[in-house]
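Asks: Dropping in protein_18.cif, which is mmCIF, C-alpha atoms:
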data_start
loop_
_atom_site.label_atom_id
_atom_site.label_comp_id
_atom_site.auth_asym_id
_atom_site.auth_seq_id
_atom_site.Cartn_x
_atom_site.Cartn_y
_atom_site.Cartn_z
CA MET A 222 0.00 0.00 0.00
CA SER A 223 1.18 3.52 -0.75
CA LEU A 224 -0.25 6.90 0.14
CA LYS A 225 -2.15 8.91 -2.44
CA LYS A 226 -1.03 12.55 -2.39
CA ILE A 227 -3.01 15.69 -3.16
CA GLN A 228 -2.39 17.15 -6.61
CA THR A 229 -4.20 20.44 -5.96
CA ILE A 230 -6.97 21.98 -3.86
CA ILE A 231 -9.61 24.08 -5.62
CA ALA A 232 -12.40 26.31 -4.32
CA GLY A 233 -14.51 26.75 -7.43
CA SER A 234 -16.72 29.74 -8.12
CA PRO A 235 -20.32 30.75 -7.33
CA THR A 236 -23.07 30.56 -9.95
CA LYS A 237 -26.83 30.07 -10.12
CA VAL A 238 -28.79 27.11 -11.51
CA GLY A 239 -32.54 27.69 -11.46
CA SER A 240 -33.32 28.83 -7.92
CA ILE A 241 -30.27 27.05 -6.48
CA ASP A 242 -27.11 28.84 -5.33
CA VAL A 243 -24.25 26.74 -6.66
CA GLN A 244 -20.53 26.44 -6.03
CA GLU A 245 -19.04 25.09 -9.28
CA LEU A 246 -15.88 23.04 -8.73
CA LEU A 247 -15.67 21.25 -12.09
CA PRO A 248 -14.80 21.93 -14.80
CA TYR A 249 -11.78 23.81 -13.42
CA GLU A 250 -8.98 25.84 -14.96
CA LYS A 251 -7.44 22.74 -16.57
CA GLY A 252 -10.77 21.53 -17.94
CA PHE A 253 -12.51 18.30 -17.08
CA TYR A 254 -11.28 15.69 -14.62
CA ASP A 255 -11.96 12.54 -16.66
CA PRO A 256 -14.35 10.79 -16.11
CA PHE A 257 -15.84 13.66 -14.03
CA LEU A 258 -17.19 16.52 -16.11
CA VAL A 259 -19.19 18.81 -13.83
CA PHE A 260 -19.30 19.06 -10.04
CA HIS A 261 -21.81 21.43 -8.43
CA HIS A 262 -22.59 21.94 -4.75
CA GLY A 263 -26.05 23.46 -4.56
CA ILE A 264 -28.00 24.94 -1.64
CA ALA A 265 -31.50 26.37 -1.95
CA LYS A 266 -33.79 27.66 0.78
CA ALA A 267 -37.41 27.07 -0.18
CA ASP A 268 -39.42 30.30 -0.47
CA PRO A 269 -42.90 30.05 1.06
CA ASN A 270 -44.03 32.99 -1.12
CA ILE A 271 -43.31 31.22 -4.42
CA PRO A 272 -45.24 28.16 -5.66
CA ILE A 273 -43.22 25.09 -4.75
CA HIS A 274 -43.70 23.44 -8.14
CA ILE A 275 -41.70 26.16 -9.91
CA GLN A 276 -38.79 26.21 -7.43
CA GLY A 277 -35.67 24.26 -8.30
CA VAL A 278 -34.55 23.51 -11.85
CA GLY A 279 -37.08 23.36 -14.66
CA PRO A 280 -37.16 20.96 -17.65
CA HIS A 281 -33.91 20.64 -19.59
CA PRO A 282 -32.30 17.97 -21.80
CA HIS A 283 -29.20 15.80 -21.44
CA ARG A 284 -27.35 13.43 -23.75
CA GLY A 285 -24.14 11.44 -23.51
CA PHE A 286 -23.33 11.26 -19.78
CA SER A 287 -24.72 10.41 -16.34
CA ALA A 288 -26.26 13.26 -14.34
CA ILE A 289 -26.28 12.38 -10.65
CA SER A 290 -27.79 14.13 -7.65
CA PHE A 291 -26.53 13.23 -4.17
CA ILE A 292 -28.98 14.67 -1.62
CA TYR A 293 -27.54 15.87 1.70
CA LYS A 294 -30.53 17.89 2.96
CA GLY A 295 -34.19 18.13 2.04
CA GLY A 296 -35.14 16.31 -1.13
CA ILE A 297 -35.55 16.43 -4.91
CA HIS A 298 -38.65 15.84 -6.99
CA HIS A 299 -37.44 14.34 -10.27
CA GLN A 300 -39.67 14.14 -13.35
CA ASP A 301 -38.57 13.17 -16.85
CA SER A 302 -39.68 12.55 -20.40
CA ARG A 303 -39.52 8.79 -19.84
CA GLY A 304 -42.39 8.93 -17.38
CA ASN A 305 -40.37 8.77 -14.17
CA ASN A 306 -41.87 10.84 -11.35
CA HIS A 307 -40.06 10.33 -8.07
CA ILE A 308 -38.89 12.04 -4.88
CA VAL A 309 -35.70 11.16 -3.01
CA TYR A 310 -34.84 12.68 0.36
CA GLU A 311 -31.71 13.25 2.46
CA GLY A 312 -29.10 10.53 2.05
CA GLY A 313 -30.55 9.40 -1.27
CA THR A 314 -29.26 9.47 -4.81
CA GLN A 315 -30.86 10.08 -8.21
CA TRP A 316 -28.71 8.70 -11.03
CA ILE A 317 -29.66 9.35 -14.65
CA HIS A 318 -27.88 7.59 -17.51
CA ALA A 319 -28.97 10.15 -20.10
CA GLY A 320 -27.96 8.01 -23.06
CA MET A 321 -29.42 9.21 -26.37
CA GLY A 322 -31.45 11.87 -24.63
CA ILE A 323 -33.80 12.67 -21.80
CA ILE A 324 -35.58 15.80 -20.55
CA HIS A 325 -35.92 16.13 -16.80
CA SER A 326 -36.61 18.61 -14.02
CA GLU A 327 -35.35 18.75 -10.44
CA ARG A 328 -37.85 20.53 -8.29
CA VAL A 329 -38.28 21.17 -4.59
CA PRO A 330 -40.66 18.53 -3.16
CA ALA A 331 -44.07 19.74 -1.98
CA ASP A 332 -43.29 18.68 1.61
CA ILE A 333 -39.91 20.44 1.75
CA PHE A 334 -40.87 22.43 4.86
CA GLU A 335 -41.46 19.14 6.69
CA HIS A 336 -37.84 18.31 5.87
CA GLY A 337 -36.20 21.52 7.08
CA GLY A 338 -37.04 23.82 4.18
CA VAL A 339 -33.52 23.60 2.72
CA GLN A 340 -32.36 21.62 -0.30
CA GLU A 341 -28.65 20.76 -0.35
CA LEU A 342 -27.17 18.49 -2.98
CA LEU A 343 -24.26 17.66 -5.18
CA GLN A 344 -24.87 17.46 -8.92
CA VAL A 345 -22.13 15.43 -10.57
CA TRP A 346 -21.76 14.60 -14.26
CA VAL A 347 -19.85 11.42 -15.13
CA ASN A 348 -18.90 10.86 -18.75
CA THR A 349 -20.32 7.90 -20.67
CA PRO A 350 -18.11 5.86 -23.02
CA ALA A 351 -18.69 6.50 -26.74
CA ALA A 352 -20.06 2.97 -27.15
CA HIS A 353 -22.97 3.75 -24.79
CA LYS A 354 -23.71 7.43 -25.44
CA MET A 355 -26.72 6.54 -27.60
CA ASP A 356 -28.13 3.83 -25.34
CA GLN A 357 -31.69 4.13 -24.09
CA PRO A 358 -31.83 6.37 -20.97
CA HIS A 359 -32.19 4.84 -17.52
CA TYR A 360 -33.13 6.39 -14.18
CA TYR A 361 -31.96 4.85 -10.91
CA PRO A 362 -33.23 6.30 -7.61
CA ALA A 363 -31.86 5.09 -4.27
CA THR A 364 -33.08 6.09 -0.83
CA LYS A 365 -30.73 6.27 2.12
CA ALA A 366 -32.29 3.06 3.45
CA ASP A 367 -31.65 1.35 0.10
CA THR A 368 -28.01 2.42 -0.02
CA PRO A 369 -25.32 0.05 1.26
CA THR A 370 -23.64 1.71 4.24
CA ILE A 371 -20.46 1.33 6.26
CA THR A 372 -20.49 2.50 9.89
CA THR A 373 -17.33 2.37 11.99
CA GLU A 374 -17.37 0.56 15.33
CA ASP A 375 -17.06 3.81 17.25
CA GLY A 376 -20.07 5.23 15.38
CA LEU A 377 -18.14 8.33 14.29
CA VAL A 378 -18.09 7.60 10.56
CA GLU A 379 -20.96 6.73 8.22
CA ILE A 380 -20.23 6.05 4.54
CA LEU A 381 -23.00 5.56 2.01
CA VAL A 382 -21.98 3.69 -1.16
CA PRO A 383 -24.50 4.41 -3.95
CA ALA A 384 -22.15 3.10 -6.67
CA GLY A 385 -18.82 1.30 -6.77
CA GLU A 386 -17.20 -0.59 -3.92
CA LEU A 387 -15.46 0.15 -0.64
CA ASP A 388 -13.95 -2.53 1.60
CA GLY A 389 -16.29 -5.20 0.24
CA THR A 390 -19.43 -3.04 0.41
CA LYS A 391 -20.86 -2.72 -3.10
CA GLY A 392 -23.18 0.01 -4.34
CA ILE A 393 -26.49 -0.77 -6.01
CA ILE A 394 -26.39 1.60 -8.99
CA PRO A 395 -24.80 0.13 -12.15
CA THR A 396 -22.18 2.10 -14.06
CA PHE A 397 -20.67 1.64 -17.53
CA THR A 398 -17.10 1.88 -16.26
CA PRO A 399 -15.60 1.54 -12.75
CA VAL A 400 -16.83 4.52 -10.70
CA ASN A 401 -16.92 4.92 -6.91
CA THR A 402 -19.20 7.38 -5.13
CA PHE A 403 -19.07 7.69 -1.34
CA MET A 404 -21.26 10.04 0.72
CA VAL A 405 -19.44 10.45 4.03
CA ASN A 406 -20.64 11.86 7.34
CA MET A 407 -18.03 12.12 10.09
CA LYS A 408 -18.29 13.27 13.67
CA ALA A 409 -15.33 15.09 15.21
CA GLY A 410 -12.51 12.62 15.79
CA GLY A 411 -13.82 10.13 13.26
CA LYS A 412 -11.22 8.57 10.99
CA TYR A 413 -11.27 6.25 7.98
CA THR A 414 -8.71 4.92 5.49
CA PHE A 415 -9.98 4.70 1.92
CA GLN A 416 -8.60 2.26 -0.65
CA ILE A 417 -8.80 3.59 -4.22
CA PRO A 418 -7.56 1.73 -7.34
CA VAL A 419 -4.37 3.28 -8.70
CA THR A 420 -6.00 3.40 -12.16
CA HIS A 421 -8.66 5.87 -10.95
CA GLN A 422 -8.80 9.65 -10.97
CA SER A 423 -10.09 10.58 -7.52
CA LEU A 424 -11.33 13.59 -5.59
CA VAL A 425 -12.39 14.59 -2.09
CA TYR A 426 -14.93 17.38 -1.58
CA VAL A 427 -15.86 18.80 1.84
CA LEU A 428 -19.41 20.16 1.98
CA SER A 429 -19.20 21.27 5.60
CA GLY A 430 -16.76 21.06 8.48
CA ARG A 431 -13.02 20.52 8.31
CA VAL A 432 -10.95 17.38 7.76
CA LEU A 433 -7.31 16.31 7.92
CA TYR A 434 -5.94 14.44 4.90
CA ASN A 435 -3.19 11.88 5.55
CA ASN A 436 -2.42 13.59 8.86
CA GLU A 437 -0.84 16.57 7.08
CA THR A 438 -3.23 18.69 4.98
CA THR A 439 -6.40 20.40 6.17
CA ILE A 440 -9.31 20.60 3.73
CA THR A 441 -12.01 23.09 4.69
CA ALA A 442 -15.65 23.43 3.68
CA LYS A 443 -16.43 24.04 -0.01
CA HIS A 444 -12.97 22.97 -1.11
CA MET A 445 -12.06 20.01 -3.31
CA ALA A 446 -8.81 18.03 -3.32
CA LEU A 447 -7.90 16.49 -6.66
CA LEU A 448 -5.62 13.55 -5.94
CA GLU A 449 -2.53 12.21 -7.63
CA LYS A 450 -3.02 8.94 -9.52
CA GLN A 451 -0.03 7.35 -7.82
CA GLY A 452 -0.77 5.59 -4.57
CA ASN A 453 -3.86 3.68 -3.55
CA GLU A 454 -4.91 4.79 -0.09
CA PHE A 455 -5.50 7.87 2.03
CA THR A 456 -6.83 8.59 5.50
CA ILE A 457 -9.40 11.23 6.39
CA GLU A 458 -9.86 12.46 9.97
CA ALA A 459 -12.65 14.85 10.96
CA LEU A 460 -11.39 17.85 12.89
CA GLU A 461 -15.03 18.78 13.50
CA ASN A 462 -18.37 17.36 12.43
CA SER A 463 -18.08 17.13 8.65
CA ALA A 464 -19.93 16.06 5.52
CA LEU A 465 -17.90 15.11 2.48
CA PHE A 466 -18.00 13.30 -0.84
CA ILE A 467 -15.37 11.03 -2.32
CA GLY A 468 -15.47 10.08 -5.98
CA SER A 469 -13.16 8.06 -8.17
CA GLY A 470 -13.30 6.54 -11.62
CA GLU A 471 -11.24 5.15 -14.45
CA PRO A 472 -10.59 7.83 -17.09
CA LEU A 473 -12.19 7.14 -20.47
CA ASN A 474 -9.37 8.80 -22.39
CA GLU A 475 -11.75 9.65 -25.21
CA PRO A 476 -12.28 12.95 -27.06
CA ILE A 477 -14.80 15.22 -25.33
CA ALA A 478 -17.06 17.66 -27.16
CA ALA A 479 -19.34 19.45 -24.71
CA HIS A 480 -21.88 22.18 -25.24
CA GLY A 481 -24.48 23.05 -22.62
CA PRO A 482 -26.42 19.93 -21.64
CA PHE A 483 -24.80 17.60 -24.20
CA VAL A 484 -21.47 15.76 -23.96
CA MET A 485 -20.37 13.79 -27.01
CA ASN A 486 -17.11 12.97 -28.80
CA ASN A 487 -17.14 15.51 -31.65
CA GLN A 488 -18.92 18.67 -32.78
CA THR A 489 -20.99 16.88 -35.41
CA GLU A 490 -22.55 14.78 -32.65
CA ILE A 491 -23.24 17.94 -30.62
CA LEU A 492 -25.05 19.54 -33.57
CA GLN A 493 -27.06 16.34 -34.02
CA ALA A 494 -28.00 16.41 -30.32
CA PHE A 495 -29.41 19.94 -30.63
CA ARG A 496 -31.26 18.94 -33.79
CA ASP A 497 -32.74 15.84 -32.14
CA TYR A 498 -33.81 17.86 -29.12
CA GLN A 499 -35.51 20.49 -31.28
CA MET A 500 -37.29 17.75 -33.23
CA GLY A 501 -38.66 16.21 -30.04
CA LYS A 502 -36.62 13.01 -30.25
CA MET A 503 -35.70 13.26 -26.56
CA GLY A 504 -39.36 13.24 -25.60
CA VAL A 505 -41.60 15.77 -23.88
CA LEU A 506 -41.93 16.58 -20.20
CA ILE A 507 -45.17 18.06 -18.92
CA GLU A 508 -44.59 18.56 -15.22
CA GLU A 509 -46.98 17.60 -12.47
CA THR A 510 -47.88 20.74 -10.51
CA ASN A 511 -49.42 19.44 -7.30
#
Take the structure in this file and express it as structure tokens.
Replies:
Amino acid sequence: MSLKKIQTIIAGSPTKVGSIDVQELLPYEKGFYDPFLVFHHGIAKADPNIPIHIQGVGPHPHRGFSAISFIYKGGIHHQDSRGNNHIVYEGGTQWIHAGMGIIHSERVPADIFEHGGVQELLQVWVNTPAAHKMDQPHYYPATKADTPTITTEDGLVEILVPAGELDGTKGIIPTFTPVNTFMVNMKAGGKYTFQIPVTHQSLVYVLSGRVLYNNETTITAKHMALLEKQGNEFTIEALENSALFIGSGEPLNEPIAAHGPFVMNNQTEILQAFRDYQMGKMGVLIEETN
């Protein structure tokens, strides 16, 4: 075993997506972080003076990648052009293999005020291999109760594994290529050593709190550590109560052509995606409003 070092720590920049205040970490100054394309940390406080069904992110298309929401607070009401209509709450995951095209919305659930009135989530885009970009779309929801979980003996660390594998615990969401996603909650003093394949690109993002990486580097809230490929393990210790996300995946090493909501391999395919969307080939979404 050898330690995996930090390549760089990034803070991202603020932006807005629908009614959600977002910290955008990826893409960063060097571009994408193959296979990770986009990484957004979003927080939205529900407004009691605005109809709930129009809060959040309205209908929009995707093609060529997986769009994933990891819910840390509140919930998300997902609807799409394939007929899926589903709500997932805190600790859950909504994973969309967009394939050849899907239109979806991510709204605030009608009962959001019963769940604290705040929606906090990570939206992560994972690239799809060229061979599967035009597959039929699939939607995979997972509640916290559904999600395989590791809890340390001292009760200070809880790790949800929606996809991938950690120390023999396997996630339930299928992926086209090896991808690990770990939602981690740590109480002060909690510690865990993560094993990551040396072939993976990997990252650590701290949503809240403060953690110590390999007993030498402090990572604070809303900062992401991009890790060196060399090495296959690292230890995280919580210096205070912390929520974080760890992701890793094998790079596709394929050409990337990205424009707005479409990620393909060349510009011709991007133009075709816009044409197909305009022609209604990705379906139609008429949202439920109650």
Asks: Taking the file as shown, what set of residues would the PyMOL selection byres ((chain A and resi 454-459) around 9) give back, as a ChimeraX atom specification?
Replies: /A:222-226,407-419,430-436,452-453,460-463
Asks: I would like the residues chosen by the PyMOL selection byres ((chain A and resi 473) around 7) on the shown file; could you give them as a list in words?
Replies: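 In the shown coordinates, the PyMOL selection byres ((chain A and resi 473) around 7) covers Asp255, Pro256, Pro350, Glu471, Pro472, Asn474 and Glu475 of chain A.
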Asks: Counting only C-alpha atoms, what is within 8 Å of segment 305-309 of chain A, bar same-chain residues fewer than 2 positions away, as a list in words?
Replies: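 So, after excluding close chain neighbours, the residues are Ile292, Gly296, Ile297, His298, His299, Gln300, Asp301, Ser302, Arg303, Glu311, Gly313, Thr314, Gln315, Pro330, Tyr360, Pro362, Ala363 and Thr364 of chain A.
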Asks: With C-alpha atoms kept, could you save the residues just selected as a PDB file, keeping the file's coordinate frame?
Replies:
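Output file out.pdb is given in full below:
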ATOM      1  CA  ILE A 292     -28.980  14.670  -1.620  1.00  0.00           C
ATOM      2  CA  GLY A 296     -35.140  16.310  -1.130  1.00  0.00           C
ATOM      3  CA  ILE A 297     -35.550  16.430  -4.910  1.00  0.00           C
ATOM      4  CA  HIS A 298     -38.650  15.840  -6.990  1.00  0.00           C
ATOM      5  CA  HIS A 299     -37.440  14.340 -10.270  1.00  0.00           C
ATOM      6  CA  GLN A 300     -39.670  14.140 -13.350  1.00  0.00           C
ATOM      7  CA  ASP A 301     -38.570  13.170 -16.850  1.00  0.00           C
ATOM      8  CA  SER A 302     -39.680  12.550 -20.400  1.00  0.00           C
ATOM      9  CA  ARG A 303     -39.520   8.790 -19.840  1.00  0.00           C
ATOM     10  CA  GLU A 311     -31.710  13.250   2.460  1.00  0.00           C
ATOM     11  CA  GLY A 313     -30.550   9.400  -1.270  1.00  0.00           C
ATOM     12  CA  THR A 314     -29.260   9.470  -4.810  1.00  0.00           C
ATOM     13  CA  GLN A 315     -30.860  10.080  -8.210  1.00  0.00           C
ATOM     14  CA  PRO A 330     -40.660  18.530  -3.160  1.00  0.00           C
ATOM     15  CA  TYR A 360     -33.130   6.390 -14.180  1.00  0.00           C
ATOM     16  CA  PRO A 362     -33.230   6.300  -7.610  1.00  0.00           C
ATOM     17  CA  ALA A 363     -31.860   5.090  -4.270  1.00  0.00           C
ATOM     18  CA  THR A 364     -33.080   6.090  -0.830  1.00  0.00           C
TER      19      THR A 364
END
Asks: For segment 466-469 of chain A, list every protein, DNA or RNA residue within 9 Å, evaluated using all atoms listed in the file, and leave out those in the same chain fewer than 3 positions away; present the list as a VMD selection string.
Replies: chain A and resid 256 to 257 343 385 399 to 406 417 to 418 421 to 428
Asks: Could the residues in this selection be written to a file with C-alpha atoms, as an mmCIF file, in the coordinates of the input?
Replies:
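result.cif was written with the following content:
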data_model
loop_
_atom_site.group_PDB
_atom_site.id
_atom_site.type_symbol
_atom_site.label_atom_id
_atom_site.label_comp_id
_atom_site.auth_asym_id
_atom_site.auth_seq_id
_atom_site.Cartn_x
_atom_site.Cartn_y
_atom_site.Cartn_z
ATOM 1 C CA PRO A 256 -14.350 10.790 -16.110
ATOM 2 C CA PHE A 257 -15.840 13.660 -14.030
ATOM 3 C CA LEU A 343 -24.260 17.660 -5.180
ATOM 4 C CA GLY A 385 -18.820 1.300 -6.770
ATOM 5 C CA PRO A 399 -15.600 1.540 -12.750
ATOM 6 C CA VAL A 400 -16.830 4.520 -10.700
ATOM 7 C CA ASN A 401 -16.920 4.920 -6.910
ATOM 8 C CA THR A 402 -19.200 7.380 -5.130
ATOM 9 C CA PHE A 403 -19.070 7.690 -1.340
ATOM 10 C CA MET A 404 -21.260 10.040 0.720
ATOM 11 C CA VAL A 405 -19.440 10.450 4.030
ATOM 12 C CA ASN A 406 -20.640 11.860 7.340
ATOM 13 C CA ILE A 417 -8.800 3.590 -4.220
ATOM 14 C CA PRO A 418 -7.560 1.730 -7.340
ATOM 15 C CA HIS A 421 -8.660 5.870 -10.950
ATOM 16 C CA GLN A 422 -8.800 9.650 -10.970
ATOM 17 C CA SER A 423 -10.090 10.580 -7.520
ATOM 18 C CA LEU A 424 -11.330 13.590 -5.590
ATOM 19 C CA VAL A 425 -12.390 14.590 -2.090
ATOM 20 C CA TYR A 426 -14.930 17.380 -1.580
ATOM 21 C CA VAL A 427 -15.860 18.800 1.840
ATOM 22 C CA LEU A 428 -19.410 20.160 1.980
#
Asks: What is the distance between atom CA of Ile227 of chain A and atom CA of Thr368 of chain A, in Å to one decimal?
Replies: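 Straight-line distance from atom CA of Ile227 of chain A to atom CA of Thr368 of chain A works out to 28.5 Å.
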Asks: May I ask which of the residues A:Ser326, A:Gln276, A:Thr420, A:Gln493 is the closest one to Leu448 of chain A, counting all atoms listed in the file?
Replies: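 For Leu448 of chain A, the nearest of the given residues is A:Thr420.
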Asks: What gap, in Å, lies between atom CA of Ala288 of chain A and atom CA of Gly501 of chain A?
Replies: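 Atom-to-atom, atom CA of Ala288 of chain A and atom CA of Gly501 of chain A are spaced 20.2 Å apart.
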Asks: Any chance you could resolve the PyMOL selection byres ((chain A and resi 337-341) around 7) against this file and give the residues as a PyMOL selection string?
Replies: chain A and resi 263-267+292-296+333-336+342
Asks: Here's a test: counting all atoms listed in the file, identify every protein, DNA and RNA residue with an atom at most 8 Å from (-18.4, 13.9, -13.2) in the file's coordinate frame, and state them as a ChimeraX atom specification.
Replies: /A:247,254-260,287-288,345-348
Asks: Neighbouring residues of Arg284 of chain A were defined as those with any atom within 10 Å, considering only C-alpha atoms; residues of the same chain fewer than 2 positions away were excluded. Please report them as a PyMOL selection string.
Replies: chain A and resi 282+286-288+318-324+349+354-356+358+482-485+491+494-495+498+503
